[in-house]
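*Asks:* Before I ask anything, let me first share the structure, which is written out below as structure tokens.
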Amino acid sequence: NNDTSDSVELLQDKLRGGLLVDGFVENSCLSRYQSAMYHLRGLSGNPSSYLISRLRKYEAQHKQCGPYTEFYNKTVEQLRSGKFTESSPCKYVVWISFSGLGNRILTLASAFLYALLTNRVLLVDPGVDMVDLFCEPFPYASWFLPADFPLTAQFNNFSQKSDQCHGKMLKYKSVVNSNVPSFVYLHLVHNYDDHDKLFFCDEEQHFLQEVPWLVMKTDNYFVPSLFLMPSFEQELNDLFPNKETVFHFLGRYLFHPTNSVWGLVTRYYQAYLAKVDERVGIQIRVFDTEPGPFEHVLDQILACILKHKLLPDVNHQQDAINSSGIPKSKAVLMTSLSSGYFEKVRDMYWEYPTVTGEVVGVYQPSHEGYQQTQKRTHNQKAWAEMYLLSLTDVLVTSSWSTFGYVAQGLGGLKPWILYKPENRTAPDPPCRRAMSMEPCFHAPPFYDCKAKRGTDTGELVPYVRHCEDMSWGLKLV
Ligand code: GDP
């Protein structure tokens, strides 16, 4: 009957066509199910049935191997004793909380995909604020690493100099295949060297396969390079027939704001964004040692939005326009550490009428001044703002910013990217449309593992290209 088919459809919608699973306590994480009402466009495309079945399989594995399960305790025991005794049925990727929030969201998605590809279980270092920011994504068992995990105290000290560092082991040839270490530290931070980068070679993956604990520190979205590894090729093809949806689907699956962050998102959305005809997001990130605001950045923002008609121009000659009927309304959501750009754009649309007669409201939730990575409310606001940007219809982002990548990826949006200004002048052209909604991998390896020589990894396959905003970066398209 109609009632049940309606409710099945509703449930399908609530679960994003099977991307999410039912069975969580709803009040503990309101965003998990409510977010469908805010992402008005729904998902960008449908996740493959293989991805969905693989996620369900992962959830079962996570339940079996999660914190304090029998297998977990056993595998931790090997770590404590430092001896590899027998191959454990549960192997792990431990993600170390490291770097700015945008970076962390991208690296966590990368680590999860790597876990899926290698049949490992992902455990998350809660750091100082991860628990305040993100709900549990997996039913039945936590993804957070327990406080008594034996390596936690060393997380900050792990570096390329650590004896357990994979790159260092390769450099000094301290890897002996018959001798499996109880853990290996993977240094995938942007300053990593050629030995660390061998992580992206099948041969090294073969060695890592046996290691029960892989502890990963990274600040990069390394997914594009996984797509260049022959051993993962088929699986990735099956998981993501449309390659530009990797972060979009994994992000929507993994990252659900906690209730306190969700409150920030929904109150702001309802008050300023819900009731307009169109929402435009503008994310301004200026990588400059001085705080700004800068005239050339403002010029660039205006040049981009006017050139591509993302917002109407204003008429400086006219005081008021005589229009009948209710004008179309647009809301502009700006995010920036500084309030200067927002004030200028807001004033422009207050002081002059638009040439189209549309009304434009301009809003900016916070202006925190500078990056304060260790502060709780600061990161909650940063997360809420990335999320709000993802709910807009048209998005403008800044080059090089992972903050913007998260917004575009979650939103399923191909943003207009503002080129990075050089020598304090507005670039011409000011911006260009992104090729895909995927984030850019800022520090990819340029190495042909088979030929053992350098190569341009942005030229090997049509779906891994150099990024619009960073010529040496790689992204999926
Ligand atoms: P990226 O440096 O732009 O790649 O982005 P990250 O998120 O990794 O690091 C920048 C950090 O600076 C964020 O996590 C925030 O803490 C802060 N930040 C930068 N831009 C904004 C902004 O527009 N709003 C808020 N609230 N914080 C910001």
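Chains: A, B, ... in order of the structure tokens. Residues: from 1 per chain. Ligands: from 1, in order shown.
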Taking only C-alpha atoms and all ligand atoms and a cut-off of 7 Å, can you tell me which residues surround ligand 1, written as a short mmCIF file (atom, residue, chain, number, x, y, z; two decimals) with C-alpha atoms, in the first residue's frame?
*Replies:*
```
data_model
loop_
_atom_site.label_atom_id
_atom_site.label_comp_id
_atom_site.auth_asym_id
_atom_site.auth_seq_id
_atom_site.Cartn_x
_atom_site.Cartn_y
_atom_site.Cartn_z
CA SER A 99 47.02 19.88 11.40
CA GLY A 100 44.10 22.27 10.71
CA LEU A 101 40.54 21.05 10.68
CA GLY A 102 40.06 21.08 6.91
CA ASN A 103 43.23 19.04 6.50
CA ARG A 104 42.10 16.59 9.17
CA GLN A 283 35.17 31.27 1.21
CA ILE A 284 38.09 33.63 1.65
CA ARG A 285 41.39 32.23 2.85
CA THR A 335 33.60 32.92 5.60
CA SER A 336 36.95 34.38 6.47
CA LEU A 337 39.21 34.90 9.44
CA SER A 366 32.51 34.58 12.56
CA HIS A 367 35.77 36.46 12.13
CA GLU A 368 38.19 34.70 14.40
CA TYR A 370 43.76 34.01 13.22
CA GLN A 371 43.98 30.23 13.25
CA GLN A 372 43.54 28.85 16.79
CA THR A 373 43.80 25.15 16.23
CA HIS A 378 37.09 27.92 17.37
CA ASN A 379 37.16 24.56 15.66
CA LYS A 381 32.80 27.26 14.40
CA ALA A 382 35.23 26.33 11.63
CA GLU A 385 31.14 27.15 8.59
CA TRP A 400 45.11 25.97 -1.73
CA SER A 401 42.53 25.83 1.04
CA THR A 402 41.43 22.51 2.45
CA PHE A 403 38.67 24.42 4.28
CA GLY A 404 37.15 25.13 0.87
#
```
*Asks:* Please, which residues in segment 198-246 of chain A fall within 9 Å of segment 111-116 of chain A when counting only C-alpha atoms, and what is the closest atom pair and distance in Å to one decimal for each, ordered by chain then residue number, as CSV?
*Replies:*
```
residue,atom,partner,partner_atom,distance
A:Met216,CA,A:Ala111,CA,8.0
A:Tyr221,CA,A:Ala111,CA,9.0
A:Phe222,CA,A:Ala111,CA,8.7
A:Val223,CA,A:Leu113,CA,7.7
A:Leu226,CA,A:Tyr114,CA,8.0
A:Val246,CA,A:Leu113,CA,8.9
```
*Asks:* Write out as a PDB file with C-alpha atoms, in the first residue's frame which residues come within 8 Å of Val211 of chain A when counting only C-alpha atoms, dropping same-chain ones fewer than 3 positions away.
*Replies:*
```
ATOM      1  CA  LYS A  91      44.653  -5.226  11.486  1.00  0.00           C
ATOM      2  CA  VAL A 180      57.253  -8.371  10.848  1.00  0.00           C
ATOM      3  CA  PRO A 181      57.277  -5.366  13.183  1.00  0.00           C
ATOM      4  CA  SER A 182      54.363  -5.028  15.600  1.00  0.00           C
ATOM      5  CA  PHE A 183      53.759  -1.542  14.227  1.00  0.00           C
ATOM      6  CA  VAL A 184      54.976   0.822  11.530  1.00  0.00           C
ATOM      7  CA  PHE A 207      55.316  -5.635   3.019  1.00  0.00           C
ATOM      8  CA  LEU A 208      52.908  -3.456   5.026  1.00  0.00           C
ATOM      9  CA  LEU A 214      49.925   1.112  10.850  1.00  0.00           C
TER      10      LEU A 214
END
```
*Asks:* Leaving out Asp22 of chain A and any residue of its chain fewer than 5 positions from it, which residues lie within 12 Å of it when counting only C-alpha atoms, given as a list in words?
*Replies:*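 In the requested form, the answer reads Leu11, Gln12, Asp13, Lys14, Leu15, Arg16, Gly17, Arg32, Tyr33, Arg56, Pro137, Phe138, Pro139 and Tyr140 of chain A.
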*Asks:* May I have all residues of segment 134-260 of chain A that DSSP, computed from the backbone, assigns to strand (DSSP E or B), given as an MDAnalysis selection string?
*Replies:* chainID A and resid 134 144 165 183:188 213:218 257
*Asks:* Go through A:Leu188, A:Leu239, A:Pro415, A:His466 and flag the residue nearest Ser49 of chain A, using only C-alpha atoms for the distances.
*Replies:*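 Smallest distance to Ser49 of chain A is found for A:Leu239.
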*Asks:* Could you tell me which of A:Glu290, A:Glu204, A:Asp313, A:Asp238 comes closest to Gly357 of chain A if we count only C-alpha atoms?
*Replies:* A:Asp313
*Asks:* Nearest to Leu391 of chain A: which of A:Val286, A:Met437, A:Ile52, A:Val265 is it, counting only C-alpha atoms?
*Replies:*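 Smallest separation from Leu391 of chain A among the options: A:Val265.
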*Asks:* With only C-alpha atoms as the counted atoms, please give the residues lying no more than 12 Å from Glu203 of chain A, apart from itself and same-chain residues fewer than 2 positions off, as a PyMOL selection string.
*Replies:* chain A and resi 170+177+198-201+205-209+229-231+449-450+452
*Asks:* Might you pull out every residue within 12 Å of Gln364 of chain A, with only C-alpha atoms counted and same-chain residues fewer than 4 positions away left off, and present them as a compact mmCIF listing (two decimals) with N, CA and C atoms, in the first residue's frame?
*Replies:*
```
# COMPACT_ATOMS: atom_id res chain seq x y z
N TYR A 268 22.01 29.06 12.23
CA TYR A 268 22.47 30.04 11.24
C TYR A 268 21.71 29.88 9.93
N TYR A 269 21.57 28.64 9.53
CA TYR A 269 20.88 28.37 8.27
C TYR A 269 19.44 28.89 8.31
N TYR A 272 19.36 32.90 8.40
CA TYR A 272 19.89 33.74 7.31
C TYR A 272 19.81 33.13 5.91
N LEU A 273 19.70 31.82 5.82
CA LEU A 273 19.85 31.21 4.49
C LEU A 273 18.60 30.48 3.99
N VAL A 280 24.64 31.81 -2.14
CA VAL A 280 25.98 31.84 -2.72
C VAL A 280 27.00 31.81 -1.58
N GLY A 281 27.92 30.89 -1.63
CA GLY A 281 28.97 30.81 -0.60
C GLY A 281 30.27 31.40 -1.12
N ILE A 282 30.92 32.20 -0.32
CA ILE A 282 32.24 32.75 -0.71
C ILE A 282 33.21 32.49 0.44
N GLN A 283 34.20 31.63 0.17
CA GLN A 283 35.17 31.27 1.21
C GLN A 283 36.48 31.98 0.94
N ILE A 284 36.87 32.84 1.85
CA ILE A 284 38.09 33.63 1.65
C ILE A 284 39.17 33.16 2.62
N ALA A 331 21.10 35.12 -0.77
CA ALA A 331 21.87 35.27 0.45
C ALA A 331 23.31 34.87 0.14
N VAL A 332 24.24 35.68 0.58
CA VAL A 332 25.65 35.38 0.40
C VAL A 332 26.21 34.99 1.76
N LEU A 333 26.76 33.79 1.83
CA LEU A 333 27.43 33.35 3.05
C LEU A 333 28.92 33.51 2.85
N MET A 334 29.52 34.44 3.59
CA MET A 334 30.97 34.60 3.47
C MET A 334 31.65 34.00 4.69
N THR A 335 32.80 33.38 4.47
CA THR A 335 33.60 32.92 5.60
C THR A 335 35.01 33.42 5.41
N SER A 336 35.58 33.86 6.51
CA SER A 336 36.95 34.38 6.47
C SER A 336 37.40 34.59 7.90
N LEU A 337 38.70 34.58 8.11
CA LEU A 337 39.21 34.90 9.44
C LEU A 337 39.05 36.39 9.73
N SER A 338 38.96 37.20 8.65
CA SER A 338 38.83 38.64 8.82
C SER A 338 37.42 39.07 8.41
N SER A 339 36.96 40.21 8.94
CA SER A 339 35.60 40.65 8.60
C SER A 339 35.62 41.69 7.47
N GLY A 340 36.81 42.09 7.03
CA GLY A 340 36.93 43.19 6.08
C GLY A 340 36.23 42.98 4.75
N TYR A 341 36.37 41.80 4.18
CA TYR A 341 35.79 41.54 2.85
C TYR A 341 34.27 41.54 2.93
N PHE A 342 33.79 40.87 3.95
CA PHE A 342 32.35 40.78 4.16
C PHE A 342 31.73 42.17 4.30
N GLU A 343 32.36 43.03 5.10
CA GLU A 343 31.79 44.37 5.32
C GLU A 343 31.67 45.14 4.02
N LYS A 344 32.69 45.03 3.19
CA LYS A 344 32.68 45.77 1.91
C LYS A 344 31.57 45.25 0.98
N VAL A 345 31.44 43.94 0.89
CA VAL A 345 30.43 43.37 -0.01
C VAL A 345 29.02 43.69 0.53
N ARG A 346 28.87 43.54 1.83
CA ARG A 346 27.56 43.85 2.43
C ARG A 346 27.18 45.30 2.19
N GLU A 368 37.38 35.13 13.26
CA GLU A 368 38.19 34.70 14.40
C GLU A 368 39.58 35.34 14.43
N LYS A 381 33.29 26.26 15.37
CA LYS A 381 32.80 27.26 14.40
C LYS A 381 33.35 26.99 13.01
N ALA A 382 34.62 26.63 12.95
CA ALA A 382 35.23 26.33 11.63
C ALA A 382 34.48 25.19 10.95
N ALA A 384 31.36 24.19 11.56
CA ALA A 384 30.01 24.65 11.22
C ALA A 384 30.04 25.48 9.93
N GLU A 385 31.08 26.29 9.77
CA GLU A 385 31.14 27.15 8.59
C GLU A 385 31.44 26.35 7.31
N LEU A 388 28.11 24.86 6.52
CA LEU A 388 27.17 25.84 5.95
C LEU A 388 27.51 26.15 4.50
N LEU A 389 28.80 26.29 4.22
CA LEU A 389 29.20 26.54 2.82
C LEU A 389 28.75 25.40 1.91
```
*Asks:* Kindly give the distance, in Å, that separates atom CA of Phe294 of chain A and atom CA of Arg432 of chain A, rounded to a single decimal.
*Replies:*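 The value is 20.6 Å.
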